[in-house]
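S.K.: Sharing final37.pdb below, PDB, C-alpha atoms:
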```pdb
ATOM      1  CA  MET A   9     -10.171  12.624  13.334
ATOM      2  CA  LEU A  10      -8.556   9.638  11.629
ATOM      3  CA  THR A  11      -9.938   6.132  11.926
ATOM      4  CA  TYR A  12      -7.059   3.679  11.927
ATOM      5  CA  HIS A  13      -7.015   0.501   9.809
ATOM      6  CA  THR A  14     -10.198   1.415   7.935
ATOM      7  CA  PRO A  15     -10.073   2.098   4.179
ATOM      8  CA  ILE A  16     -10.201   5.784   3.290
ATOM      9  CA  ASP A  17     -11.820   6.694  -0.053
ATOM     10  CA  ALA A  18     -10.889   9.483  -2.472
ATOM     11  CA  PRO A  19     -13.163  12.235  -1.076
ATOM     12  CA  ASP A  20     -11.877  11.651   2.461
ATOM     13  CA  LEU A  21      -8.269  11.594   1.220
ATOM     14  CA  ARG A  22      -8.829  15.007  -0.423
ATOM     15  CA  ALA A  23     -10.219  16.315   2.887
ATOM     16  CA  LEU A  24      -6.939  15.180   4.503
ATOM     17  CA  GLY A  25      -4.954  17.136   1.907
ATOM     18  CA  ILE A  26      -3.824  14.085  -0.064
ATOM     19  CA  PRO A  27      -3.909  14.863  -3.808
ATOM     20  CA  GLU A  28      -5.105  12.862  -6.799
ATOM     21  CA  PRO A  29      -4.555  10.249  -8.177
ATOM     22  CA  TRP A  30      -4.641   8.546  -4.765
ATOM     23  CA  SER A  31      -8.076   6.996  -4.160
ATOM     24  CA  PHE A  32      -7.472   4.375  -1.430
ATOM     25  CA  GLY A  33      -5.691   4.860   1.872
ATOM     26  CA  LEU A  34      -5.232   3.538   5.395
ATOM     27  CA  ALA A  35      -4.401   5.597   8.474
ATOM     28  CA  ASP A  36      -2.338   4.634  11.480
ATOM     29  CA  ARG A  37      -0.010   6.107  14.090
ATOM     30  CA  VAL A  38       3.745   5.593  14.428
ATOM     31  CA  ARG A  39       4.469   3.171  17.262
ATOM     32  CA  PHE A  40       7.455   3.267  19.599
ATOM     33  CA  ALA A  41       8.588  -0.136  18.247
ATOM     34  CA  GLU A  42       8.999   1.464  14.795
ATOM     35  CA  ILE A  43      11.538   4.012  16.069
ATOM     36  CA  ASP A  44      15.288   3.476  15.703
ATOM     37  CA  ALA A  45      18.191   4.580  17.899
ATOM     38  CA  LEU A  46      18.229   8.003  16.198
ATOM     39  CA  GLY A  47      14.633   8.650  17.236
ATOM     40  CA  HIS A  48      12.962   8.475  13.838
ATOM     41  CA  VAL A  49      10.985   5.768  12.025
ATOM     42  CA  ASN A  50      13.224   2.859  11.077
ATOM     43  CA  ASN A  51      13.437   2.173   7.340
ATOM     44  CA  THR A  52      11.979  -1.324   7.727
ATOM     45  CA  ALA A  53       8.704   0.096   9.084
ATOM     46  CA  TYR A  54       7.799   1.547   5.688
ATOM     47  CA  MET A  55       7.837  -1.878   4.028
ATOM     48  CA  THR A  56       5.596  -3.209   6.801
ATOM     49  CA  TRP A  57       3.221  -0.275   6.293
ATOM     50  CA  PHE A  58       3.076  -0.951   2.544
ATOM     51  CA  GLU A  59       2.339  -4.622   3.193
ATOM     52  CA  SER A  60      -0.397  -3.768   5.696
ATOM     53  CA  PHE A  61      -1.910  -1.476   3.063
ATOM     54  CA  ARG A  62      -1.773  -4.140   0.318
ATOM     55  CA  LEU A  63      -3.943  -6.600   2.245
ATOM     56  CA  PRO A  64      -7.204  -4.590   2.260
ATOM     57  CA  TYR A  65      -6.381  -2.913  -1.061
ATOM     58  CA  LEU A  66      -6.070  -6.210  -2.966
ATOM     59  CA  LYS A  67      -9.108  -7.641  -1.241
ATOM     60  CA  ALA A  68     -11.158  -4.552  -2.190
ATOM     61  CA  ARG A  69      -9.891  -4.846  -5.784
ATOM     62  CA  GLN A  70     -10.942  -8.535  -5.834
ATOM     63  CA  VAL A  71      -7.459  -9.794  -6.646
ATOM     64  CA  THR A  72      -7.527 -12.131  -3.634
ATOM     65  CA  ASP A  73      -9.692 -12.929  -0.651
ATOM     66  CA  TYR A  74      -6.683 -14.545   1.113
ATOM     67  CA  GLY A  75      -8.658 -17.780   1.426
ATOM     68  CA  PRO A  76      -7.311 -21.310   0.946
ATOM     69  CA  GLU A  77      -8.015 -21.235  -2.816
ATOM     70  CA  SER A  78      -6.453 -17.808  -3.391
ATOM     71  CA  PRO A  79      -3.178 -17.351  -5.238
ATOM     72  CA  ARG A  80       0.079 -16.850  -3.385
ATOM     73  CA  LEU A  81       1.272 -13.249  -3.674
ATOM     74  CA  VAL A  82       5.035 -12.907  -3.916
ATOM     75  CA  ILE A  83       6.995  -9.668  -3.917
ATOM     76  CA  LYS A  84       9.465  -9.781  -6.790
ATOM     77  CA  ARG A  85      10.991  -6.387  -6.050
ATOM     78  CA  ALA A  86      10.293  -3.546  -3.621
ATOM     79  CA  SER A  87      11.823  -0.140  -3.000
ATOM     80  CA  VAL A  88      11.360   2.896  -0.758
ATOM     81  CA  ASP A  89      12.418   6.506  -1.259
ATOM     82  CA  TYR A  90      12.572   8.532   1.942
ATOM     83  CA  ARG A  91      11.560  12.196   1.776
ATOM     84  CA  ALA A  92      11.110  13.392   5.366
ATOM     85  CA  GLU A  93      11.667  12.050   8.871
ATOM     86  CA  MET A  94       8.813  10.697  10.928
ATOM     87  CA  PHE A  95       8.686  10.353  14.701
ATOM     88  CA  ASN A  96       6.864   8.448  17.431
ATOM     89  CA  GLY A  97       3.159   9.235  17.755
ATOM     90  CA  MET A  98       2.693  10.866  14.357
ATOM     91  CA  ASP A  99      -0.524  10.084  12.497
ATOM     92  CA  TYR A 100       0.043   9.033   8.902
ATOM     93  CA  VAL A 101      -1.869   7.743   5.880
ATOM     94  CA  VAL A 102      -0.505   5.153   3.447
ATOM     95  CA  THR A 103      -1.896   5.358  -0.077
ATOM     96  CA  GLY A 104      -1.307   3.039  -2.974
ATOM     97  CA  ARG A 105      -2.404   2.249  -6.481
ATOM     98  CA  THR A 106      -1.691  -0.193  -9.265
ATOM     99  CA  TRP A 107      -0.165   1.635 -12.187
ATOM    100  CA  ALA A 108       0.757  -1.317 -14.423
ATOM    101  CA  PHE A 109      -0.247  -4.944 -14.759
ATOM    102  CA  ARG A 110       0.332  -7.938 -16.971
ATOM    103  CA  THR A 111      -1.239 -11.397 -16.990
ATOM    104  CA  THR A 112       0.086 -12.659 -13.646
ATOM    105  CA  SER A 113       1.874  -9.659 -12.104
ATOM    106  CA  PHE A 114       1.322  -6.015 -11.323
ATOM    107  CA  THR A 115       3.257  -2.978 -10.146
ATOM    108  CA  MET A 116       2.069  -0.830  -7.278
ATOM    109  CA  GLU A 117       3.249   2.527  -6.062
ATOM    110  CA  PHE A 118       2.818   3.771  -2.513
ATOM    111  CA  ALA A 119       3.089   7.019  -0.584
ATOM    112  CA  VAL A 120       3.117   7.852   3.114
ATOM    113  CA  TRP A 121       1.499  11.153   4.089
ATOM    114  CA  LEU A 122       1.273  13.363   7.142
ATOM    115  CA  PRO A 123      -2.328  14.509   6.728
ATOM    116  CA  ASP A 124      -3.106  18.233   6.710
ATOM    117  CA  PRO A 125      -6.267  19.659   5.124
ATOM    118  CA  SER A 126      -4.234  22.552   3.700
ATOM    119  CA  GLY A 127      -1.828  20.106   2.003
ATOM    120  CA  ALA A 128      -0.463  16.794   3.252
ATOM    121  CA  THR A 129       3.287  16.195   3.416
ATOM    122  CA  CYS A 130       4.646  13.132   1.612
ATOM    123  CA  THR A 131       7.301  11.476   3.781
ATOM    124  CA  ALA A 132       8.074   8.417   1.635
ATOM    125  CA  THR A 133       7.212   6.767  -1.644
ATOM    126  CA  GLY A 134       7.671   3.186  -2.733
ATOM    127  CA  GLU A 135       7.074   0.643  -5.424
ATOM    128  CA  ALA A 136       6.563  -3.116  -5.530
ATOM    129  CA  ILE A 137       6.216  -5.706  -8.261
ATOM    130  CA  ILE A 138       3.868  -8.473  -7.135
ATOM    131  CA  VAL A 139       3.549 -11.871  -8.820
ATOM    132  CA  LEU A 140       0.623 -14.231  -8.336
ATOM    133  CA  LEU A 141       1.542 -17.918  -8.056
ATOM    134  CA  ASN A 142      -0.603 -21.032  -7.964
ATOM    135  CA  ARG A 143      -1.481 -22.017  -4.418
ATOM    136  CA  ASP A 144      -0.748 -25.737  -4.813
ATOM    137  CA  GLY A 145       1.967 -26.356  -7.309
ATOM    138  CA  PRO A 146       4.240 -24.650  -9.777
ATOM    139  CA  GLY A 147       3.285 -21.905 -12.167
ATOM    140  CA  ARG A 148       1.785 -18.493 -12.149
ATOM    141  CA  TYR A 149      -1.810 -17.567 -11.432
ATOM    142  CA  PRO A 150      -3.607 -15.085 -13.709
ATOM    143  CA  ILE A 151      -4.975 -11.907 -12.154
ATOM    144  CA  PRO A 152      -8.748 -12.469 -11.794
ATOM    145  CA  GLU A 153     -10.870 -10.533 -14.286
ATOM    146  CA  ALA A 154     -12.566  -8.592 -11.466
ATOM    147  CA  GLY A 155      -9.112  -7.480 -10.304
ATOM    148  CA  ARG A 156      -8.058  -6.450 -13.804
ATOM    149  CA  THR A 157     -11.252  -4.407 -14.153
ATOM    150  CA  ALA A 158     -10.695  -2.756 -10.750
ATOM    151  CA  PHE A 159      -7.102  -1.892 -11.686
ATOM    152  CA  LYS A 160      -8.379  -0.165 -14.852
ATOM    153  CA  THR A 161     -11.217   1.759 -13.217
ATOM    154  CA  HIS A 162      -9.607   2.817  -9.948
TER     155      HIS A 162
END
```
Let's see the structure in the file written out as structure tokens.
M.R.:
Amino acid sequence: MLTYHTPIDAPDLRALGIPEPWSFGLADRVRFAEIDALGHVNNTAYMTWFESFRLPYLKARQVTDYGPESPRLVIKRASVDYRAEMFNGMDYVVTGRTWAFRTTSFTMEFAVWLPDPSGATCTATGEAIIVLLNRDGPGRYPIPEAGRTAFKTH
């Protein structure tokens, strides 16, 4: 049974049929409000799911604690590739990882899965470039060292 909105680690992802290299995930269920007139998940829902994933992921990686002194995170570019339809009530898992980073920005990739212990189905993939900006004033904010280390090791 899936626990929604609670980080899922690598061993539990494998048990859900989600392959490596994914090591961090979040489960949820498709809501009626995410369905379009054709009866499947609206394309905008995927971006919301990726954003909801990023919040605990970046906190766990110590990039931000979202407090008043934390950097502003700005999406420079984002994309989604759709692979299979999804419908109301389906359980899904969003996974993500950082595959590249520089001094003040990083690139993440995402995947949405229909869990199945015999092999999960990937319904969408995505990518986002995220830039850290100073909270109060102009300029970019460097990725904290703890975050850089987490990006390398996870």
S.K.: Using all atoms listed in the file, determine which residues lie at most 8 Å from Met98 (chain A), disregarding the query and same-chain residues fewer than 4 positions distant; provide the list as a JSON list (two decimals) with C-alpha atoms, keeping the file's coordinate frame.
M.R.:
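The resulting part_25.json:
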```json
[["chain", "number", "residue", "atom", "x", "y", "z"],
["A", 37, "ARG", "CA", -0.01, 6.11, 14.09],
["A", 38, "VAL", "CA", 3.74, 5.59, 14.43],
["A", 94, "MET", "CA", 8.81, 10.70, 10.93],
["A", 122, "LEU", "CA", 1.27, 13.36, 7.14]]
```
S.K.: Run the PyMOL selection byres ((chain A and resi 99-102) around 9) mentally over the shown coordinates, then write out the matched residues as a PyMOL selection string, using the chain letters and numbers from the document.
M.R.: chain A and resi 10+12+16+21+26+32-38+57-58+61+97-98+103-104+118-123
S.K.: What does the PyMOL selection byres ((chain A and resi 66) around 12) select in this file, as a ChimeraX atom specification?
M.R.: /A:15,32,58-65,67-74,78-79,81,104-106,114,116,138,140,151-152,154-156,158-159,162
S.K.: With C-alpha atoms retained, write the just-selected residues as a tab-separated table (two decimals), in the coordinates of the input.
M.R.:
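Here's the written file part.tsv:
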```tsv
chain	number	residue	atom	x	y	z
A	15	PRO	CA	-10.07	2.10	4.18
A	32	PHE	CA	-7.47	4.38	-1.43
A	58	PHE	CA	3.08	-0.95	2.54
A	59	GLU	CA	2.34	-4.62	3.19
A	60	SER	CA	-0.40	-3.77	5.70
A	61	PHE	CA	-1.91	-1.48	3.06
A	62	ARG	CA	-1.77	-4.14	0.32
A	63	LEU	CA	-3.94	-6.60	2.24
A	64	PRO	CA	-7.20	-4.59	2.26
A	65	TYR	CA	-6.38	-2.91	-1.06
A	67	LYS	CA	-9.11	-7.64	-1.24
A	68	ALA	CA	-11.16	-4.55	-2.19
A	69	ARG	CA	-9.89	-4.85	-5.78
A	70	GLN	CA	-10.94	-8.54	-5.83
A	71	VAL	CA	-7.46	-9.79	-6.65
A	72	THR	CA	-7.53	-12.13	-3.63
A	73	ASP	CA	-9.69	-12.93	-0.65
A	74	TYR	CA	-6.68	-14.54	1.11
A	78	SER	CA	-6.45	-17.81	-3.39
A	79	PRO	CA	-3.18	-17.35	-5.24
A	81	LEU	CA	1.27	-13.25	-3.67
A	104	GLY	CA	-1.31	3.04	-2.97
A	105	ARG	CA	-2.40	2.25	-6.48
A	106	THR	CA	-1.69	-0.19	-9.26
A	114	PHE	CA	1.32	-6.02	-11.32
A	116	MET	CA	2.07	-0.83	-7.28
A	138	ILE	CA	3.87	-8.47	-7.14
A	140	LEU	CA	0.62	-14.23	-8.34
A	151	ILE	CA	-4.97	-11.91	-12.15
A	152	PRO	CA	-8.75	-12.47	-11.79
A	154	ALA	CA	-12.57	-8.59	-11.47
A	155	GLY	CA	-9.11	-7.48	-10.30
A	156	ARG	CA	-8.06	-6.45	-13.80
A	158	ALA	CA	-10.70	-2.76	-10.75
A	159	PHE	CA	-7.10	-1.89	-11.69
A	162	HIS	CA	-9.61	2.82	-9.95
```
S.K.: Region 41-50 of chain A: which residues within 9 Å, counting all atoms listed in the file, same-chain residues fewer than 4 positions away excluded, as a list in words?
M.R.: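 That gives Tyr54, Glu93, Met94, Phe95 and Asn96 of chain A.
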S.K.: Which residues match the PyMOL selection byres ((chain A and resi 112) around 7) in the file above, as a PDB file with C-alpha atoms, in the frame of the given file?
M.R.:
```pdb
ATOM      1  CA  ARG A 110       0.332  -7.938 -16.971  1.00  0.00           C
ATOM      2  CA  THR A 111      -1.239 -11.397 -16.990  1.00  0.00           C
ATOM      3  CA  SER A 113       1.874  -9.659 -12.104  1.00  0.00           C
ATOM      4  CA  VAL A 139       3.549 -11.871  -8.820  1.00  0.00           C
ATOM      5  CA  LEU A 140       0.623 -14.231  -8.336  1.00  0.00           C
ATOM      6  CA  ARG A 148       1.785 -18.493 -12.149  1.00  0.00           C
ATOM      7  CA  TYR A 149      -1.810 -17.567 -11.432  1.00  0.00           C
ATOM      8  CA  PRO A 150      -3.607 -15.085 -13.709  1.00  0.00           C
ATOM      9  CA  ILE A 151      -4.975 -11.907 -12.154  1.00  0.00           C
TER      10      ILE A 151
END
```
S.K.: Output, as AutoDock Vina command-line options, the centre and edge lengths in Å (one decimal) of the axis-aligned box that contains all listed atoms of region 73-76 of chain A with 5 Å of margin on each side.
M.R.:
```
--center_x -8.2 --center_y -17.1 --center_z 0.4 --size_x 13.0 --size_y 18.4 --size_z 12.1
```
